[in-house]
file target-v5.txt (compact mmCIF, C-alpha atoms)
# COMPACT_ATOMS: atom_id res chain seq x y z
CA MET T 23 95.60 80.42 95.90
CA THR T 24 98.07 78.58 98.11
CA ASP T 25 98.04 78.81 101.91
CA LEU T 26 101.16 80.95 101.68
CA ASP T 27 99.44 83.37 99.27
CA ARG T 28 96.60 83.69 101.77
CA GLN T 29 98.99 84.33 104.64
CA LEU T 30 100.79 87.03 102.65
CA ALA T 31 97.50 88.68 101.69
CA PHE T 32 96.52 88.81 105.37
CA LEU T 33 99.95 90.08 106.44
CA SER T 34 99.84 92.80 103.76
CA GLU T 35 96.33 93.79 104.89
CA LEU T 36 97.77 94.40 108.37
CA GLU T 37 99.61 97.46 107.01
CA LYS T 38 96.26 99.22 107.38
CA LEU T 39 96.24 98.89 111.18
CA LYS T 40 99.23 101.27 111.24
CA LEU T 41 96.84 103.93 109.89
CA VAL T 42 94.12 103.47 112.53
CA GLU T 43 94.57 106.36 114.95
CA ARG T 44 93.80 106.28 118.64
CA LYS T 45 93.11 109.11 121.08
CA ASN T 46 96.55 109.18 122.73
CA GLY T 47 99.42 111.00 121.09
CA VAL T 48 103.01 109.85 120.78
CA LEU T 49 105.81 111.54 122.73
CA GLY T 50 106.17 115.13 121.54
CA GLY T 51 102.64 115.10 120.18
CA ALA T 52 103.56 115.14 116.47
CA ARG T 53 100.92 112.51 115.68
CA ARG T 54 98.50 110.13 117.32
CA GLU T 55 99.35 106.64 118.45
CA ASN T 56 98.01 103.97 116.12
CA SER T 57 96.48 100.60 116.89
CA ALA T 58 99.51 98.61 115.67
CA GLU T 59 101.85 100.36 118.12
CA HIS T 60 99.28 100.06 120.88
CA SER T 61 99.03 96.31 120.26
CA TRP T 62 102.80 95.92 120.47
CA HIS T 63 102.96 97.96 123.66
CA ALA T 64 100.10 96.03 125.26
CA ALA T 65 101.69 92.68 124.36
CA ILE T 66 104.93 93.61 126.17
CA MET T 67 102.94 94.99 129.08
CA ALA T 68 101.14 91.65 129.39
CA LEU T 69 104.49 89.82 129.41
CA LEU T 70 105.76 91.97 132.27
CA LEU T 71 102.75 92.42 134.54
CA SER T 72 101.40 88.88 134.82
CA GLY T 73 103.17 88.56 138.17
CA SER T 74 100.72 91.18 139.48
CA LEU T 75 97.90 88.64 139.28
CA GLU T 76 96.77 86.77 142.33
CA ARG T 77 97.07 83.47 140.45
CA PRO T 78 99.43 84.08 137.50
CA GLU T 79 99.74 80.30 137.06
CA GLY T 80 96.08 80.33 135.98
CA ILE T 81 97.04 82.34 132.87
CA ASP T 82 98.50 81.02 129.63
CA LEU T 83 100.62 84.11 129.06
CA SER T 84 101.48 83.22 125.46
CA ARG T 85 97.78 83.03 124.57
CA ALA T 86 97.14 86.38 126.28
CA VAL T 87 100.01 87.88 124.24
CA ARG T 88 98.59 86.42 121.01
CA MET T 89 95.19 87.85 121.82
CA LEU T 90 96.70 91.29 122.31
CA LEU T 91 98.63 91.03 119.05
CA VAL T 92 95.40 90.41 117.11
CA HIS T 93 92.76 92.10 119.28
CA ASP T 94 92.52 95.34 117.29
CA ILE T 95 92.86 93.99 113.74
CA VAL T 96 89.08 94.35 113.31
CA GLU T 97 89.60 98.13 113.60
CA ILE T 98 90.95 98.08 110.04
CA ASP T 99 87.26 97.96 109.09
CA ALA T 100 85.55 99.25 112.24
CA GLY T 101 87.93 102.03 113.32
CA ASP T 102 88.93 102.85 116.89
CA SER T 103 86.13 104.17 119.08
CA PHE T 104 86.27 106.00 122.38
CA PHE T 105 83.52 106.35 124.94
CA THR T 106 83.17 110.07 124.23
CA ASP T 107 82.61 109.48 120.50
CA GLY T 108 78.94 108.79 121.07
CA VAL T 109 78.94 105.88 118.63
CA ALA T 110 76.33 103.27 119.49
CA ARG T 111 78.06 100.23 120.95
CA GLU T 112 75.87 97.87 118.89
CA ALA T 113 76.94 99.51 115.63
CA VAL T 114 80.60 99.14 116.61
CA GLU T 115 80.06 95.48 117.48
CA ARG T 116 78.42 94.75 114.14
CA ALA T 117 81.24 96.48 112.27
CA GLU T 118 83.86 94.59 114.28
CA GLU T 119 82.19 91.23 113.72
CA SER T 120 81.98 91.77 109.98
CA GLY T 121 85.58 93.09 109.95
CA ALA T 122 86.74 89.96 111.76
CA ARG T 123 85.01 87.72 109.22
CA ARG T 124 86.50 89.59 106.29
CA ILE T 125 90.05 90.08 107.57
CA PHE T 126 90.65 86.77 109.35
CA GLY T 127 88.83 85.28 106.36
CA LEU T 128 91.88 86.10 104.24
CA LEU T 129 93.82 83.37 106.05
CA PRO T 130 93.97 79.63 105.34
CA GLU T 131 91.17 77.80 107.17
CA ALA T 132 93.02 76.52 110.27
CA GLN T 133 94.63 79.89 111.02
CA ARG T 134 91.38 81.70 110.22
CA GLU T 135 89.60 79.63 112.86
CA GLU T 136 92.43 80.07 115.35
CA LEU T 137 92.75 83.85 115.07
CA TYR T 138 89.02 84.47 114.81
CA GLY T 139 88.59 82.28 117.88
CA LEU T 140 91.27 84.20 119.79
CA TRP T 141 89.61 87.48 118.89
CA LYS T 142 86.12 86.25 119.91
CA GLU T 143 87.50 84.96 123.20
CA PHE T 144 89.25 88.28 123.83
CA ASP T 145 86.12 90.18 122.91
CA ALA T 146 83.97 88.17 125.33
CA GLY T 147 86.61 88.66 128.05
CA ARG T 148 85.40 85.73 130.14
CA SER T 149 88.26 83.20 130.07
CA PRO T 150 91.18 83.93 132.43
CA ASP T 151 93.50 84.63 129.47
CA ALA T 152 91.02 87.03 127.89
CA ALA T 153 90.17 88.75 131.17
CA TYR T 154 93.87 89.41 131.74
CA ALA T 155 94.45 90.58 128.15
CA LYS T 156 91.45 92.92 128.42
CA ALA T 157 92.74 94.36 131.69
CA ILE T 158 96.07 95.10 130.00
CA ASP T 159 94.22 96.65 127.05
CA ARG T 160 92.56 99.00 129.58
CA LEU T 161 95.87 99.81 131.30
CA GLN T 162 98.08 100.55 128.27
CA PRO T 163 96.20 103.76 127.29
CA LEU T 164 96.32 105.03 130.88
CA LEU T 165 100.06 104.54 131.08
CA GLY T 166 100.60 105.89 127.56
CA HIS T 167 98.51 108.97 128.29
CA LEU T 168 100.50 109.64 131.46
CA ALA T 169 103.80 109.16 129.60
CA THR T 170 102.97 111.30 126.56
CA ALA T 171 100.38 114.00 127.35
CA PRO T 172 101.65 117.45 128.42
CA ALA T 173 100.76 118.29 132.04
CA GLY T 174 97.38 119.99 132.29
CA GLU T 175 96.14 118.89 128.88
CA ASN T 176 92.50 117.82 129.10
CA PRO T 177 90.65 119.15 126.04
CA LEU T 178 87.69 116.78 126.52
CA ARG T 179 87.42 117.79 130.20
CA LEU T 180 87.51 114.15 131.22
CA LYS T 181 86.67 113.44 134.85
CA ARG T 182 88.31 110.98 137.21
CA SER T 183 84.91 109.33 137.73
CA ASP T 184 84.43 108.78 133.97
CA ILE T 185 87.79 107.08 133.70
CA GLU T 186 87.23 104.96 136.80
CA ARG T 187 83.90 103.79 135.38
CA LEU T 188 85.55 103.06 132.03
CA LYS T 189 88.21 100.90 133.70
CA GLU T 190 85.84 99.41 136.31
CA LYS T 191 86.08 95.88 134.93
CA ASN T 192 89.72 95.71 135.99
CA ARG T 193 88.49 95.46 139.58
CA ALA T 194 87.38 91.85 139.08
CA VAL T 195 90.57 90.73 137.32
CA SER T 196 92.84 91.14 140.35
CA PRO T 197 93.19 93.42 143.36
CA GLU T 198 96.74 94.30 142.25
CA LEU T 199 95.74 95.28 138.71
CA TRP T 200 92.84 97.31 140.06
CA GLU T 201 95.15 99.08 142.49
CA LEU T 202 97.50 99.81 139.58
CA THR T 203 94.59 101.13 137.53
CA LEU T 204 93.55 103.48 140.35
CA ASP T 205 97.15 104.53 140.89
CA LEU T 206 97.61 105.51 137.23
CA ILE T 207 94.32 107.44 137.33
CA ARG T 208 95.45 109.20 140.51
CA LYS T 209 98.77 110.18 138.92
CA SER T 210 96.91 111.42 135.83
CA VAL T 211 94.69 113.62 138.01
CA GLU T 212 97.80 114.98 139.71
CA ARG T 213 99.23 115.74 136.28
CA GLY T 214 96.07 117.63 135.33
CA LEU T 215 94.97 115.13 132.67
CA TYR T 216 91.59 114.46 134.35
CA LEU T 217 89.39 116.67 136.49
CA ASP T 218 89.34 115.59 140.13
CA GLU T 219 85.62 114.85 140.25
CA MET E 18 111.57 101.83 144.00
CA THR E 19 109.24 98.85 143.91
CA ASP E 20 109.34 96.23 141.15
CA LEU E 21 106.11 97.70 139.80
CA ASP E 22 107.67 101.19 139.65
CA ARG E 23 110.53 99.72 137.64
CA GLN E 24 108.18 97.94 135.27
CA LEU E 25 106.21 101.13 134.69
CA ALA E 26 109.41 103.12 134.08
CA PHE E 27 110.45 100.56 131.45
CA LEU E 28 106.99 100.48 129.86
CA SER E 29 106.91 104.29 129.70
CA GLU E 30 110.39 104.31 128.13
CA LEU E 31 108.99 102.11 125.34
CA GLU E 32 106.99 105.10 124.07
CA LYS E 33 110.25 106.19 122.45
CA LEU E 34 110.37 103.19 120.10
CA LYS E 35 107.27 104.62 118.40
CA LEU E 36 109.50 107.53 117.31
CA VAL E 37 112.29 105.42 115.79
CA GLU E 38 111.76 105.59 112.04
CA ARG E 39 112.62 102.86 109.56
CA LYS E 40 113.22 103.05 105.82
CA ASN E 41 109.81 101.72 104.71
CA GLY E 42 106.82 104.01 104.55
CA VAL E 43 103.28 103.29 105.70
CA LEU E 44 100.44 102.87 103.17
CA GLY E 45 99.89 106.17 101.37
CA GLY E 46 103.39 107.33 102.25
CA ALA E 47 102.40 110.02 104.77
CA ARG E 48 105.15 108.93 107.16
CA ARG E 49 107.72 106.23 107.75
CA GLU E 50 107.04 102.99 109.55
CA ASN E 51 108.46 102.93 113.06
CA SER E 52 110.17 100.16 114.98
CA ALA E 53 107.22 99.53 117.32
CA GLU E 54 104.84 98.84 114.42
CA HIS E 55 107.47 96.74 112.70
CA SER E 56 107.90 94.65 115.87
CA TRP E 57 104.15 94.04 116.08
CA HIS E 58 103.97 93.10 112.42
CA ALA E 59 106.95 90.75 112.69
CA ALA E 60 105.49 89.04 115.78
CA ILE E 61 102.27 88.20 113.93
CA MET E 62 104.25 87.11 110.88
CA ALA E 63 106.20 84.70 113.09
CA LEU E 64 102.95 83.28 114.49
CA LEU E 65 101.63 82.59 111.00
CA LEU E 66 104.67 81.38 109.06
CA SER E 67 106.18 78.82 111.42
CA GLY E 68 104.50 76.07 109.40
CA SER E 69 106.86 77.02 106.54
CA LEU E 70 109.79 75.58 108.47
CA GLU E 71 111.08 72.10 107.77
CA ARG E 72 110.89 71.23 111.47
CA PRO E 73 108.48 73.71 113.09
CA GLU E 74 108.35 71.44 116.16
CA GLY E 75 111.98 72.45 116.80
CA ILE E 76 110.84 76.02 117.46
CA ASP E 77 109.34 77.44 120.65
CA LEU E 78 107.07 79.83 118.83
CA SER E 79 106.17 81.82 121.94
CA ARG E 80 109.85 82.52 122.60
CA ALA E 81 110.37 83.59 118.98
CA VAL E 82 107.40 85.96 119.33
CA ARG E 83 108.80 87.39 122.57
CA MET E 84 112.17 87.94 120.91
CA LEU E 85 110.51 89.85 118.08
CA LEU E 86 108.52 91.96 120.53
CA VAL E 87 111.73 93.11 122.25
CA HIS E 88 114.34 92.81 119.48
CA ASP E 89 114.38 96.49 118.47
CA ILE E 90 114.03 98.14 121.88
CA VAL E 91 117.78 98.88 121.83
CA GLU E 92 117.09 101.22 118.88
CA ILE E 93 115.66 103.72 121.36
CA ASP E 94 119.33 104.51 122.02
CA ALA E 95 121.04 103.16 118.90
CA GLY E 96 118.56 104.15 116.17
CA ASP E 97 117.59 102.04 113.16
CA SER E 98 120.38 101.48 110.66
CA PHE E 99 120.22 100.30 107.06
CA PHE E 100 123.01 98.79 105.00
CA THR E 101 123.16 101.86 102.75
CA ASP E 102 123.67 104.22 105.72
CA GLY E 103 127.40 103.51 105.76
CA VAL E 104 127.45 103.32 109.55
CA ALA E 105 130.21 101.03 110.81
CA ARG E 106 128.66 97.80 112.08
CA GLU E 107 130.91 97.81 115.16
CA ALA E 108 129.70 101.26 116.21
CA VAL E 109 126.09 100.13 115.89
CA GLU E 110 126.82 97.03 117.96
CA ARG E 111 128.41 99.06 120.74
CA ALA E 112 125.48 101.46 120.80
CA GLU E 113 123.00 98.58 120.88
CA GLU E 114 124.81 96.80 123.69
CA SER E 115 124.92 99.90 125.84
CA GLY E 116 121.27 100.64 124.96
CA ALA E 117 120.31 97.14 126.04
CA ARG E 118 122.06 97.56 129.37
CA ARG E 119 120.44 100.91 130.03
CA ILE E 120 116.90 100.13 128.88
CA PHE E 121 116.49 96.54 130.11
CA GLY E 122 118.32 97.81 133.21
CA LEU E 123 115.20 99.77 134.10
CA LEU E 124 113.41 96.48 134.92
CA PRO E 125 113.44 94.45 138.15
CA GLU E 126 116.35 92.01 138.16
CA ALA E 127 114.65 88.79 137.03
CA GLN E 128 112.90 90.46 134.09
CA ARG E 129 116.03 92.43 133.24
CA GLU E 130 117.97 89.17 132.92
CA GLU E 131 115.17 87.52 130.96
CA LEU E 132 114.67 90.28 128.38
CA TYR E 133 118.36 91.07 128.03
CA GLY E 134 118.94 87.35 127.53
CA LEU E 135 116.22 87.13 124.88
CA TRP E 136 117.71 90.10 123.07
CA LYS E 137 121.26 88.68 123.20
CA GLU E 138 120.02 85.33 121.94
CA PHE E 139 118.13 87.04 119.11
CA ASP E 140 121.14 89.15 118.26
CA ALA E 141 123.43 86.11 118.04
CA GLY E 142 120.84 84.35 115.89
CA ARG E 143 122.21 80.89 116.58
CA SER E 144 119.47 79.08 118.54
CA PRO E 145 116.57 77.71 116.46
CA ASP E 146 114.17 80.23 118.03
CA ALA E 147 116.52 83.15 117.29
CA ALA E 148 117.33 81.95 113.76
CA TYR E 149 113.62 81.81 112.98
CA ALA E 150 112.91 85.20 114.58
CA LYS E 151 115.81 86.76 112.62
CA ALA E 152 114.52 85.27 109.37
CA ILE E 153 111.12 86.85 110.04
CA ASP E 154 112.83 90.15 110.89
CA ARG E 155 114.44 89.97 107.41
CA LEU E 156 111.12 89.13 105.72
CA GLN E 157 108.82 91.73 107.28
CA PRO E 158 110.51 94.71 105.58
CA LEU E 159 110.41 92.95 102.19
CA LEU E 160 106.70 92.28 102.51
CA GLY E 161 106.01 95.74 103.92
CA HIS E 162 107.97 97.42 101.12
CA LEU E 163 106.02 95.45 98.53
CA ALA E 164 102.71 96.33 100.21
CA THR E 165 103.37 100.04 100.69
CA ALA E 166 105.84 101.43 98.12
CA PRO E 167 104.43 102.93 94.90
CA ALA E 168 105.36 100.90 91.81
CA GLY E 169 108.66 102.04 90.29
CA GLU E 170 109.88 103.85 93.41
CA ASN E 171 113.57 103.13 93.96
CA PRO E 172 115.30 106.36 95.03
CA LEU E 173 118.37 104.55 96.37
CA ARG E 174 118.67 102.55 93.11
CA LEU E 175 118.77 99.31 95.09
CA LYS E 176 119.72 96.21 93.13
CA ARG E 177 118.25 92.74 93.36
CA SER E 178 121.73 91.39 94.11
CA ASP E 179 122.19 93.79 97.08
CA ILE E 180 118.91 92.67 98.59
CA GLU E 181 119.62 88.99 98.02
CA ARG E 182 122.97 89.39 99.76
CA LEU E 183 121.30 91.27 102.62
CA LYS E 184 118.78 88.45 103.13
CA GLU E 185 121.26 85.62 102.38
CA LYS E 186 121.16 84.24 105.91
CA ASN E 187 117.55 83.18 105.39
CA ARG E 188 118.87 80.43 103.10
CA ALA E 189 120.14 78.43 106.06
CA VAL E 190 116.97 78.78 108.13
CA SER E 191 114.75 76.74 105.84
CA PRO E 192 114.36 76.07 102.11
CA GLU E 193 110.75 77.29 102.30
CA LEU E 194 111.61 80.61 103.98
CA TRP E 195 114.45 81.15 101.52
CA GLU E 196 112.11 80.46 98.61
CA LEU E 197 109.66 82.96 100.10
CA THR E 198 112.46 85.51 100.48
CA LEU E 199 113.43 85.10 96.82
CA ASP E 200 109.81 85.25 95.75
CA LEU E 201 109.23 88.56 97.55
CA ILE E 202 112.43 89.96 96.00
CA ARG E 203 111.26 88.78 92.56
CA LYS E 204 107.87 90.45 93.00
CA SER E 205 109.61 93.64 94.17
CA VAL E 206 111.77 93.66 91.02
CA GLU E 207 108.62 93.19 88.92
CA ARG E 208 107.09 96.14 90.74
CA GLY E 209 110.15 98.26 89.94
CA LEU E 210 111.31 98.57 93.55
CA TYR E 211 114.74 97.05 92.83
CA LEU E 212 116.90 97.09 89.69
CA ASP E 213 117.06 93.68 88.00
CA GLU E 214 120.80 93.28 88.40
call {"tool": "encode", "arguments": {"input": "target-v5.txt", "output": "structure tokens"}}
result
Amino acid sequence: MTDLDRQLAFLSELEKLKLVERKNGVLGGARRENSAEHSWHAAIMALLLSGSLERPEGIDLSRAVRMLLVHDIVEIDAGDSFFTDGVAREAVERAEESGARRIFGLLPEAQREELYGLWKEFDAGRSPDAAYAKAIDRLQPLLGHLATAPAGENPLRLKRSDIERLKEKNRAVSPELWELTLDLIRKSVERGLYLDE
Amino acid sequence: MTDLDRQLAFLSELEKLKLVERKNGVLGGARRENSAEHSWHAAIMALLLSGSLERPEGIDLSRAVRMLLVHDIVEIDAGDSFFTDGVAREAVERAEESGARRIFGLLPEAQREELYGLWKEFDAGRSPDAAYAKAIDRLQPLLGHLATAPAGENPLRLKRSDIERLKEKNRAVSPELWELTLDLIRKSVERGLYLDE
């Protein structure tokens, strides 16, 4: 197999991420958003919101964008999980790790190392680039939910406090991004998407 | 309106690109691929295939990726068009230009200029970054079609020669990308997706 054959096998495998459904719907509600669309949306969001960071010059924006492009590829094997699913976090992590080895393993060695490394760094969330990318990954669903869900729709009876806890790590990334997170939650409560408790 | 309000209005508007359908299906054929997924897929393809260029050092890969992330946003207003649709190219161009002004116009000034500029540069296809991004935009549907269409499916009775003409501009981008283009067309003919004429 040539390097190009490996790249094409990986790129063809990516078709499957378009079938991994998330909790949010699309506009009009005809279907759920999938992880490929979410990744695209988050990548553009990262491009636009980096100015909201206290020290945007500390971020390599292109690396953060690359992380967001690849961050959910492991869901081809592990699926998308939501905090209300009750799936044990350790089981998800094992499935994601083995998905990463299999899927990035389709690539030629140098790119396999690079993309696996980007995903691991994102997953750990400790480097400035990864912390920013993770904050965006927490913001995109909030904004998408607000943009697509009909007013008053809250079938899971989600509470404001649950969502704030879920997004809590954004607090440490920057005061501006945390304020934005709280603002989107506030607007969602006003729209009846979360209970005000 | 603050800059952040403008950014959020733009980012919410992007939900609509998830509803713009393309000709290719997704795996299993339950629905068509949309332009948001396509943009994500093309951006990753660009990241991986730049080594196939004769002079990859002449490309700013991050700019090419950004172009691909935003290249289809104008379709929110103009729709996706295919060469068999019989839509006059000039009408599409007018609709895309006015879509670009409206949609990028939602952003704060500096980002409006930046993204509109990236889109115009992509659309012209003359700079090395844009030529590469356009070549990838021509390759992604070929690979996606090959990965998702059932063998023998060719409802439009597309011919190899039509597709080669449609992708002809890839020839000038690099010998390697043109060879890849021809190889994907050849495999598609073998799979019965195009007539061998």
call {"tool": "residues_around", "arguments": {"input": "target-v5.txt", "residues": "E:Glu114", "least_positions_apart": "2", "cutoff": "12 Å", "atoms": "all atoms listed in the file", "output": "VMD selection string"}}
result
chain E and resid 88 to 95 107 to 112 116 to 122 133 to 134 136 to 137 140
call {"tool": "interface_residues", "arguments": {"input": "target-v5.txt", "of": "chain E", "to": "chain T", "cutoff": "8 Å", "atoms": "only C-alpha atoms", "output": "number ranges by chain"}}
result
E: 24-25, 28-29, 31-33, 35-36, 43-44, 53-54, 56-58, 60-62, 65-66, 79, 86-87, 128, 160-161, 164-165
call {"tool": "residues_around", "arguments": {"input": "target-v5.txt", "residues": "stretch 152-155 of chain E", "least_positions_apart": "5", "cutoff": "8 Å", "atoms": "only C-alpha atoms", "output": "compact mmCIF listing (two decimals) with C-alpha atoms, keeping the file's coordinate frame"}}
result
# COMPACT_ATOMS: atom_id res chain seq x y z
CA ALA E 59 106.95 90.75 112.69
CA MET E 62 104.25 87.11 110.88
CA ALA E 63 106.20 84.70 113.09
CA LEU E 85 110.51 89.85 118.08
CA LYS E 184 118.78 88.45 103.13
CA LYS E 186 121.16 84.24 105.91
CA ASN E 187 117.55 83.18 105.39
CA VAL E 190 116.97 78.78 108.13
CA LEU E 194 111.61 80.61 103.98
call {"tool": "atom_distance", "arguments": {"input": "target-v5.txt", "atom1": "atom CA of T:Ala86", "atom2": "atom CA of T:Trp200"}}
result
18.1 Å
call {"tool": "atom_distance", "arguments": {"input": "target-v5.txt", "atom1": "atom CA of E:Glu138", "atom2": "atom CA of T:Asp151"}}
result
27.6 Å
call {"tool": "closest_residue", "arguments": {"input": "target-v5.txt", "among": "T:Glu212, T:Leu164, T:Tyr154, T:Asp184", "to": "T:Glu76", "atoms": "only C-alpha atoms"}}
result
T:Tyr154
call {"tool": "residues_near_point", "arguments": {"input": "target-v5.txt", "point": "(108.7, 91.9, 92.0)", "cutoff": "12 Å", "atoms": "all atoms listed in the file", "output": "list in words"}}
result
Leu159, Leu160, His162, Leu163, Ala164, Ala166, Ala168, Gly169, Lys176, Arg177, Thr198, Leu199, Asp200, Leu201, Ile202, Arg203, Lys204, Ser205, Val206, Glu207, Arg208, Gly209, Leu210, Tyr211, Leu212 and Asp213 of chain E
call {"tool": "atom_distance", "arguments": {"input": "target-v5.txt", "atom1": "atom CA of E:Ala147", "atom2": "atom CA of E:Glu196"}}
result
19.4 Å
call {"tool": "residues_around", "arguments": {"input": "target-v5.txt", "residues": "T:Phe105", "least_positions_apart": "2", "cutoff": "10 Å", "atoms": "only C-alpha atoms", "output": "list in words"}}
result
Ser103, Asp107, Gly108, Val109, Ala110, Arg111, Asp184, Ile185 and Leu188 of chain T
call {"tool": "closest_residue", "arguments": {"input": "target-v5.txt", "among": "T:Glu190, T:Glu198, T:Glu136, T:Glu219", "to": "T:Met89", "atoms": "only C-alpha atoms"}}
result
T:Glu136
call {"tool": "axis_aligned_box", "arguments": {"input": "target-v5.txt", "around": "stretch 151-169 of chain T", "padding_each_side": "4 Å", "output": "JSON"}}
result
{"center_x": 97.0, "center_y": 97.1, "center_z": 129.4, "size_x": 21.6, "size_y": 33.0, "size_z": 12.7}
